[in-house]
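Q: The structure under discussion is supplied below as structure tokens; questions concerning it will follow.
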Amino acid sequence: MRRWWGETLKTLAVTTFHPLGWGFERVQGQVMRSPAELRPVSSNHELLCPVILVHGIFHNATAFYRFEKVLRREGFKRLKTINLWTTLHSVESMAEQLKREVERLYNETILDNPLGKVRIVAHSMGGMVTRAALLDESFAHKVDKVFFLGTPHQGTFLYELPIPAAVRDLSYRSRLLRRLKDDPLPGGVRYWNLRGGLDLVTPAASTLLPHVPNLFFENVGHAGLLSDRNVVRTVVRLLETPYPVSSHG
């Protein structure tokens, strides 16, 4: 009972700011970019590292409030939280939006650091949007790290409804799922797959991703993967591999 109560609190934590995610992105950005949070507590990593955060179904950019807060406190300055209309668009359509955002971040970073590629943290359906985008070799070339949080890589029975399109795409029998299973993940990218032991939305059988590190958090549920302290710290540690310091800019 104590574990479920903890997960309930984590769910509330990642949904509290949900209304701000639609139409108040500017206000949200000001809150998350307060001066206190821009002070790095560590100089072990290059601050030019671009990170894009991709939320899951029926949510928006506010899902990553805690992640953004910690990342900015640690000194990451090039962060982008993308807003996806998951009730209107297919997974492949949202993958096109993600590709455009990554292209923009990559082009901005390459001016300061020729080795700088984009790193992606994706939750739930956002992970499948990322995988659909990775089918494009030119997109994969611009990415060097991907973190999947509670992503239904194997499909799930919870998404058997015919509409909306994004839900249909996550069905066990969907055309997209079959293609993703047939095509291997592109090389040149490092992957981590984080899974929760209390996850009822995407159970363990659907989140398994073979041939990459699968990190299992026993007492964490689907929403908890966005706010649990150990999960956030794990992702931040793996994100902060240094880039060579640029000699210009």
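Going by the structure tokens order, chains are called A, B, ..., each with residues numbered from 1, while ligands are numbered from 1 in the order shown.
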Write out as a PyMOL selection string all residues of segment 71-242 of chain A that DSSP puts in strand (DSSP E or B) for this structure's backbone.

A: chain A and resi 78-82+118-123+143-149+190-196+214-217

Q: Mind dumping the selected residues with C-alpha atoms as a compact mmCIF listing (two decimals), in the first residue's frame?

A:
# COMPACT_ATOMS: atom_id res chain seq x y z
CA ARG A 78 20.31 23.77 -24.20
CA LEU A 79 17.06 22.03 -23.31
CA LYS A 80 13.94 21.69 -25.41
CA THR A 81 10.63 20.25 -24.25
CA ILE A 82 8.51 19.44 -27.28
CA VAL A 118 21.43 15.85 -29.72
CA ARG A 119 20.44 13.66 -26.77
CA ILE A 120 16.84 12.54 -26.28
CA VAL A 121 14.89 11.62 -23.14
CA ALA A 122 11.51 10.14 -24.12
CA HIS A 123 8.65 8.90 -21.95
CA VAL A 143 21.67 11.83 -32.21
CA ASP A 144 24.19 10.23 -29.88
CA LYS A 145 22.15 9.18 -26.81
CA VAL A 146 18.54 8.10 -26.29
CA PHE A 147 16.81 7.32 -23.00
CA PHE A 148 13.49 5.45 -23.12
CA LEU A 149 11.26 5.71 -20.03
CA ARG A 190 23.85 4.77 -27.29
CA TYR A 191 20.55 3.61 -25.79
CA TRP A 192 19.22 3.08 -22.28
CA ASN A 193 15.79 1.61 -21.53
CA LEU A 194 14.35 2.47 -18.09
CA ARG A 195 11.41 0.45 -16.78
CA GLY A 196 9.23 0.56 -13.66
CA ASN A 214 17.54 -2.30 -19.47
CA LEU A 215 17.48 -0.52 -16.10
CA PHE A 216 14.68 -1.77 -13.85
CA PHE A 217 13.34 0.34 -10.95

Q: Do you know which residues are at most 12 Å from Val102 of chain A counting only C-alpha atoms, after dropping those on the same chain fewer than 2 positions away, and could you put them as a VMD selection string?

A: chain A and resid 50 to 54 78 to 82 95 to 100 104 to 110 116 to 120 130 133 to 134 138 to 144

Q: May I have the selected residues written with N, CA and C atoms, as an mmCIF file, in the first residue's frame?

A:
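That gives us again-v3.cif:
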data_model
loop_
_atom_site.group_PDB
_atom_site.id
_atom_site.type_symbol
_atom_site.label_atom_id
_atom_site.label_comp_id
_atom_site.auth_asym_id
_atom_site.auth_seq_id
_atom_site.Cartn_x
_atom_site.Cartn_y
_atom_site.Cartn_z
ATOM 1 N N PRO A 50 23.025 19.573 -26.147
ATOM 2 C CA PRO A 50 21.599 19.786 -26.403
ATOM 3 C C PRO A 50 20.784 18.555 -26.011
ATOM 4 N N VAL A 51 19.706 18.771 -25.257
ATOM 5 C CA VAL A 51 18.851 17.682 -24.796
ATOM 6 C C VAL A 51 17.408 18.022 -25.156
ATOM 7 N N ILE A 52 16.704 17.086 -25.787
ATOM 8 C CA ILE A 52 15.295 17.283 -26.104
ATOM 9 C C ILE A 52 14.465 16.260 -25.331
ATOM 10 N N LEU A 53 13.381 16.711 -24.725
ATOM 11 C CA LEU A 53 12.533 15.892 -23.864
ATOM 12 C C LEU A 53 11.204 15.666 -24.574
ATOM 13 N N VAL A 54 10.822 14.382 -24.721
ATOM 14 C CA VAL A 54 9.652 14.013 -25.526
ATOM 15 C C VAL A 54 8.634 13.309 -24.628
ATOM 16 N N ARG A 78 20.984 23.958 -22.927
ATOM 17 C CA ARG A 78 20.309 23.768 -24.201
ATOM 18 C C ARG A 78 19.285 22.644 -24.069
ATOM 19 N N LEU A 79 18.136 22.991 -23.515
ATOM 20 C CA LEU A 79 17.058 22.034 -23.313
ATOM 21 C C LEU A 79 15.857 22.433 -24.155
ATOM 22 N N LYS A 80 15.155 21.441 -24.657
ATOM 23 C CA LYS A 80 13.943 21.686 -25.413
ATOM 24 C C LYS A 80 12.900 20.667 -25.007
ATOM 25 N N THR A 81 11.751 21.142 -24.528
ATOM 26 C CA THR A 81 10.627 20.254 -24.255
ATOM 27 C C THR A 81 9.623 20.434 -25.388
ATOM 28 N N ILE A 82 9.356 19.376 -26.103
ATOM 29 C CA ILE A 82 8.512 19.440 -27.282
ATOM 30 C C ILE A 82 7.057 19.145 -26.909
ATOM 31 N N ALA A 95 6.726 11.973 -35.306
ATOM 32 C CA ALA A 95 8.143 11.733 -35.547
ATOM 33 C C ALA A 95 8.711 12.787 -36.494
ATOM 34 N N GLU A 96 7.914 13.230 -37.455
ATOM 35 C CA GLU A 96 8.362 14.289 -38.357
ATOM 36 C C GLU A 96 8.577 15.590 -37.598
ATOM 37 N N GLN A 97 7.697 15.878 -36.649
ATOM 38 C CA GLN A 97 7.869 17.071 -35.820
ATOM 39 C C GLN A 97 9.146 16.971 -34.992
ATOM 40 N N LEU A 98 9.387 15.800 -34.416
ATOM 41 C CA LEU A 98 10.604 15.592 -33.632
ATOM 42 C C LEU A 98 11.840 15.768 -34.502
ATOM 43 N N LYS A 99 11.805 15.258 -35.714
ATOM 44 C CA LYS A 99 12.956 15.384 -36.610
ATOM 45 C C LYS A 99 13.265 16.854 -36.898
ATOM 46 N N ARG A 100 12.241 17.662 -37.067
ATOM 47 C CA ARG A 100 12.468 19.089 -37.326
ATOM 48 C C ARG A 100 13.110 19.770 -36.122
ATOM 49 N N ARG A 104 16.941 21.435 -35.897
ATOM 50 C CA ARG A 104 17.210 22.801 -35.457
ATOM 51 C C ARG A 104 18.243 22.830 -34.340
ATOM 52 N N LEU A 105 18.076 21.974 -33.329
ATOM 53 C CA LEU A 105 19.040 21.925 -32.228
ATOM 54 C C LEU A 105 20.428 21.534 -32.716
ATOM 55 N N TYR A 106 20.472 20.567 -33.603
ATOM 56 C CA TYR A 106 21.753 20.101 -34.136
ATOM 57 C C TYR A 106 22.468 21.224 -34.879
ATOM 58 N N ASN A 107 21.750 21.945 -35.715
ATOM 59 C CA ASN A 107 22.359 23.025 -36.488
ATOM 60 C C ASN A 107 22.846 24.156 -35.597
ATOM 61 N N GLU A 108 22.129 24.420 -34.500
ATOM 62 C CA GLU A 108 22.579 25.437 -33.562
ATOM 63 C C GLU A 108 23.848 25.002 -32.840
ATOM 64 N N THR A 109 23.908 23.739 -32.460
ATOM 65 C CA THR A 109 25.029 23.227 -31.680
ATOM 66 C C THR A 109 26.287 23.086 -32.514
ATOM 67 N N ILE A 110 26.133 22.680 -33.754
ATOM 68 C CA ILE A 110 27.289 22.402 -34.598
ATOM 69 C C ILE A 110 28.147 23.643 -34.788
ATOM 70 N N GLY A 116 29.093 18.024 -31.403
ATOM 71 C CA GLY A 116 27.877 18.072 -30.602
ATOM 72 C C GLY A 116 26.674 17.465 -31.300
ATOM 73 N N LYS A 117 26.128 16.392 -30.741
ATOM 74 C CA LYS A 117 24.894 15.796 -31.248
ATOM 75 C C LYS A 117 23.805 15.916 -30.191
ATOM 76 N N VAL A 118 22.585 15.673 -30.601
ATOM 77 C CA VAL A 118 21.431 15.847 -29.721
ATOM 78 C C VAL A 118 21.203 14.588 -28.897
ATOM 79 N N ARG A 119 20.780 14.765 -27.661
ATOM 80 C CA ARG A 119 20.437 13.662 -26.770
ATOM 81 C C ARG A 119 18.951 13.738 -26.444
ATOM 82 N N ILE A 120 18.301 12.590 -26.402
ATOM 83 C CA ILE A 120 16.843 12.539 -26.284
ATOM 84 C C ILE A 120 16.443 11.753 -25.037
ATOM 85 N N THR A 130 10.180 8.598 -30.978
ATOM 86 C CA THR A 130 11.625 8.660 -31.193
ATOM 87 C C THR A 130 12.102 7.497 -32.049
ATOM 88 N N ALA A 133 11.257 8.063 -35.604
ATOM 89 C CA ALA A 133 12.172 9.034 -36.206
ATOM 90 C C ALA A 133 13.526 8.403 -36.511
ATOM 91 N N LEU A 134 13.954 7.476 -35.659
ATOM 92 C CA LEU A 134 15.262 6.829 -35.849
ATOM 93 C C LEU A 134 15.309 5.931 -37.081
ATOM 94 N N SER A 138 19.351 9.894 -41.624
ATOM 95 C CA SER A 138 19.867 11.257 -41.472
ATOM 96 C C SER A 138 19.532 11.813 -40.086
ATOM 97 N N PHE A 139 18.384 11.413 -39.543
ATOM 98 C CA PHE A 139 18.023 11.810 -38.185
ATOM 99 C C PHE A 139 18.936 11.123 -37.180
ATOM 100 N N ALA A 140 19.122 9.831 -37.312
ATOM 101 C CA ALA A 140 19.960 9.077 -36.377
ATOM 102 C C ALA A 140 21.380 9.628 -36.330
ATOM 103 N N HIS A 141 21.867 10.155 -37.434
ATOM 104 C CA HIS A 141 23.217 10.712 -37.483
ATOM 105 C C HIS A 141 23.369 11.924 -36.572
ATOM 106 N N LYS A 142 22.281 12.575 -36.249
ATOM 107 C CA LYS A 142 22.324 13.791 -35.429
ATOM 108 C C LYS A 142 22.110 13.502 -33.951
ATOM 109 N N VAL A 143 21.973 12.240 -33.591
ATOM 110 C CA VAL A 143 21.668 11.833 -32.210
ATOM 111 C C VAL A 143 22.782 10.943 -31.689
ATOM 112 N N ASP A 144 23.171 11.136 -30.422
ATOM 113 C CA ASP A 144 24.192 10.231 -29.882
ATOM 114 C C ASP A 144 23.750 9.473 -28.631
#

Q: What is the distance, in Å and to one decimal place, between atom CA of Ser171 of chain A and atom CA of Gly155 of chain A?

A: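 Pair atom CA of Ser171 of chain A / atom CA of Gly155 of chain A returns 5.3 Å.
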
Q: Mind checking which residues fall within 10 Å of Val232 of chain A, counting only C-alpha atoms, ignoring those fewer than 5 positions away in the same chain, and posting them as a list in words?

A: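 Those residues are Arg66, Phe67, Glu68, Val70, Leu71, Gly224, Leu225, Leu226, Ser227 and Arg237 of chain A.
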
Q: Can you spit out the residues from that selection as a PDB file, in the first residue's frame, using C-alpha atoms?

A:
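As written to disk, result09.pdb reads:
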ATOM      1  CA  ARG A  66      11.265  17.814 -12.560  1.00  0.00           C
ATOM      2  CA  PHE A  67      13.745  16.689 -15.200  1.00  0.00           C
ATOM      3  CA  GLU A  68      14.125  20.252 -16.494  1.00  0.00           C
ATOM      4  CA  VAL A  70      17.352  19.160 -12.180  1.00  0.00           C
ATOM      5  CA  LEU A  71      19.056  19.457 -15.564  1.00  0.00           C
ATOM      6  CA  GLY A 224       7.135   7.773 -11.343  1.00  0.00           C
ATOM      7  CA  LEU A 225       9.628   7.384 -14.176  1.00  0.00           C
ATOM      8  CA  LEU A 226       9.234  11.138 -14.707  1.00  0.00           C
ATOM      9  CA  SER A 227       9.734  12.202 -11.103  1.00  0.00           C
ATOM     10  CA  ARG A 237      24.558  11.017 -14.751  1.00  0.00           C
TER      11      ARG A 237
END

Q: Please report, as a PyMOL selection string, each residue of segment 64-134 of chain A to which DSSP assigns helix (DSSP H, G or I) when run on this structure's backbone.

A: chain A and resi 64-73+91-110+125-134

Q: Atoms to include: N, CA and C atoms. Write the selected residues as a compact mmCIF listing (two decimals), in the first residue's frame.

A:
# COMPACT_ATOMS: atom_id res chain seq x y z
N PHE A 64 7.87 16.94 -17.99
CA PHE A 64 9.29 16.89 -17.65
C PHE A 64 9.70 18.03 -16.73
N TYR A 65 8.76 18.56 -15.96
CA TYR A 65 9.09 19.67 -15.07
C TYR A 65 10.26 19.32 -14.14
N ARG A 66 10.19 18.16 -13.50
CA ARG A 66 11.26 17.81 -12.56
C ARG A 66 12.58 17.58 -13.30
N PHE A 67 12.53 16.91 -14.43
CA PHE A 67 13.75 16.69 -15.20
C PHE A 67 14.38 18.02 -15.59
N GLU A 68 13.58 18.95 -16.10
CA GLU A 68 14.13 20.25 -16.49
C GLU A 68 14.74 20.98 -15.31
N LYS A 69 14.06 20.93 -14.18
CA LYS A 69 14.56 21.61 -12.99
C LYS A 69 15.94 21.08 -12.59
N VAL A 70 16.08 19.76 -12.57
CA VAL A 70 17.35 19.16 -12.18
C VAL A 70 18.43 19.42 -13.24
N LEU A 71 18.08 19.25 -14.50
CA LEU A 71 19.06 19.46 -15.56
C LEU A 71 19.58 20.89 -15.58
N ARG A 72 18.69 21.86 -15.40
CA ARG A 72 19.14 23.24 -15.37
C ARG A 72 19.99 23.52 -14.15
N ARG A 73 19.65 22.93 -13.02
CA ARG A 73 20.46 23.10 -11.82
C ARG A 73 21.86 22.51 -12.02
N VAL A 91 1.81 8.46 -34.72
CA VAL A 91 3.18 8.41 -34.21
C VAL A 91 4.16 8.87 -35.29
N GLU A 92 3.96 8.44 -36.52
CA GLU A 92 4.88 8.82 -37.59
C GLU A 92 4.79 10.30 -37.91
N SER A 93 3.61 10.88 -37.80
CA SER A 93 3.48 12.32 -38.01
C SER A 93 4.21 13.10 -36.93
N MET A 94 4.10 12.65 -35.68
CA MET A 94 4.82 13.31 -34.59
C MET A 94 6.32 13.09 -34.71
N ALA A 95 6.73 11.97 -35.31
CA ALA A 95 8.14 11.73 -35.55
C ALA A 95 8.71 12.79 -36.49
N GLU A 96 7.91 13.23 -37.46
CA GLU A 96 8.36 14.29 -38.36
C GLU A 96 8.58 15.59 -37.60
N GLN A 97 7.70 15.88 -36.65
CA GLN A 97 7.87 17.07 -35.82
C GLN A 97 9.15 16.97 -34.99
N LEU A 98 9.39 15.80 -34.42
CA LEU A 98 10.60 15.59 -33.63
C LEU A 98 11.84 15.77 -34.50
N LYS A 99 11.80 15.26 -35.71
CA LYS A 99 12.96 15.38 -36.61
C LYS A 99 13.26 16.85 -36.90
N ARG A 100 12.24 17.66 -37.07
CA ARG A 100 12.47 19.09 -37.33
C ARG A 100 13.11 19.77 -36.12
N GLU A 101 12.66 19.42 -34.92
CA GLU A 101 13.23 20.02 -33.71
C GLU A 101 14.69 19.60 -33.51
N VAL A 102 14.97 18.33 -33.75
CA VAL A 102 16.34 17.84 -33.61
C VAL A 102 17.25 18.50 -34.65
N GLU A 103 16.75 18.64 -35.86
CA GLU A 103 17.52 19.31 -36.91
C GLU A 103 17.90 20.73 -36.49
N ARG A 104 16.94 21.44 -35.90
CA ARG A 104 17.21 22.80 -35.46
C ARG A 104 18.24 22.83 -34.34
N LEU A 105 18.08 21.97 -33.33
CA LEU A 105 19.04 21.92 -32.23
C LEU A 105 20.43 21.53 -32.72
N TYR A 106 20.47 20.57 -33.60
CA TYR A 106 21.75 20.10 -34.14
C TYR A 106 22.47 21.22 -34.88
N ASN A 107 21.75 21.94 -35.72
CA ASN A 107 22.36 23.02 -36.49
C ASN A 107 22.85 24.16 -35.60
N GLU A 108 22.13 24.42 -34.50
CA GLU A 108 22.58 25.44 -33.56
C GLU A 108 23.85 25.00 -32.84
N THR A 109 23.91 23.74 -32.46
CA THR A 109 25.03 23.23 -31.68
C THR A 109 26.29 23.09 -32.51
N ILE A 110 26.13 22.68 -33.75
CA ILE A 110 27.29 22.40 -34.60
C ILE A 110 28.15 23.64 -34.79
N MET A 125 4.79 6.90 -24.96
CA MET A 125 4.63 7.01 -26.41
C MET A 125 5.72 7.86 -27.04
N GLY A 126 6.27 8.82 -26.30
CA GLY A 126 7.36 9.63 -26.82
C GLY A 126 8.54 8.79 -27.26
N GLY A 127 8.73 7.64 -26.58
CA GLY A 127 9.80 6.72 -26.99
C GLY A 127 9.53 6.10 -28.34
N MET A 128 8.24 5.81 -28.62
CA MET A 128 7.89 5.23 -29.91
C MET A 128 7.98 6.28 -31.02
N VAL A 129 7.65 7.53 -30.69
CA VAL A 129 7.85 8.62 -31.64
C VAL A 129 9.34 8.73 -31.99
N THR A 130 10.18 8.60 -30.98
CA THR A 130 11.62 8.66 -31.19
C THR A 130 12.10 7.50 -32.05
N ARG A 131 11.60 6.30 -31.76
CA ARG A 131 12.01 5.15 -32.56
C ARG A 131 11.56 5.27 -34.01
N ALA A 132 10.37 5.82 -34.23
CA ALA A 132 9.91 6.04 -35.60
C ALA A 132 10.82 7.02 -36.32
N ALA A 133 11.26 8.06 -35.60
CA ALA A 133 12.17 9.03 -36.21
C ALA A 133 13.53 8.40 -36.51
N LEU A 134 13.95 7.48 -35.66
CA LEU A 134 15.26 6.83 -35.85
C LEU A 134 15.31 5.93 -37.08

Q: At what distance in Å, to one decimal, does atom CA of Leu200 of chain A lie from atom CA of Glu218 of chain A?

A: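 That distance, rounded to one decimal, is 12.6 Å.
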
Q: Between atom CA of Lys77 of chain A and atom CA of Leu239 of chain A, what is the spacing in Å?

A: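 Computing it gives 12.9 Å between the two atoms.
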
Q: Neighbouring residues of Tyr172 of chain A were defined as those with any atom within 7 Å, considering only C-alpha atoms; residues of the same chain fewer than 2 positions away were excluded. Please report them as a PyMOL selection string.

A: chain A and resi 154-157+170+174+177

Q: List as a list of chain:residue names the protein and nucleic acid residues near Leu198 of chain A, meaning an atom at most 6 Å away when only C-alpha atoms are counted, but skip any in the same chain fewer than 2 places from it.

A: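 Non-adjacent residues within range: A:Gly196, A:Asn219, A:Val220, A:Gly221.
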
Q: Using only N, CA and C atoms, please write the residues we just selected to a file, as a compact mmCIF listing (two decimals), in the first residue's frame.

A:
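As a result, out-v8.txt now contains:
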# COMPACT_ATOMS: atom_id res chain seq x y z
N GLY A 196 9.71 0.51 -15.04
CA GLY A 196 9.23 0.56 -13.66
C GLY A 196 8.52 -0.71 -13.24
N ASN A 219 10.23 -0.19 -7.49
CA ASN A 219 9.08 0.44 -6.85
C ASN A 219 8.63 1.71 -7.56
N VAL A 220 8.79 1.75 -8.86
CA VAL A 220 8.45 2.93 -9.64
C VAL A 220 7.40 2.57 -10.68
N GLY A 221 6.40 3.43 -10.84
CA GLY A 221 5.36 3.21 -11.83
C GLY A 221 5.56 4.07 -13.06

Q: Taking 3 positions as the minimum chain separation for residues in the same chain, which residues sit within 8 Å of Ala165 of chain A when counting only C-alpha atoms? Answer as a list in words.

A: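 Within the cut-off, the hits are Thr87, Leu88, His89, Ser90, Val91, Pro162, Arg168 and Asp169 of chain A.
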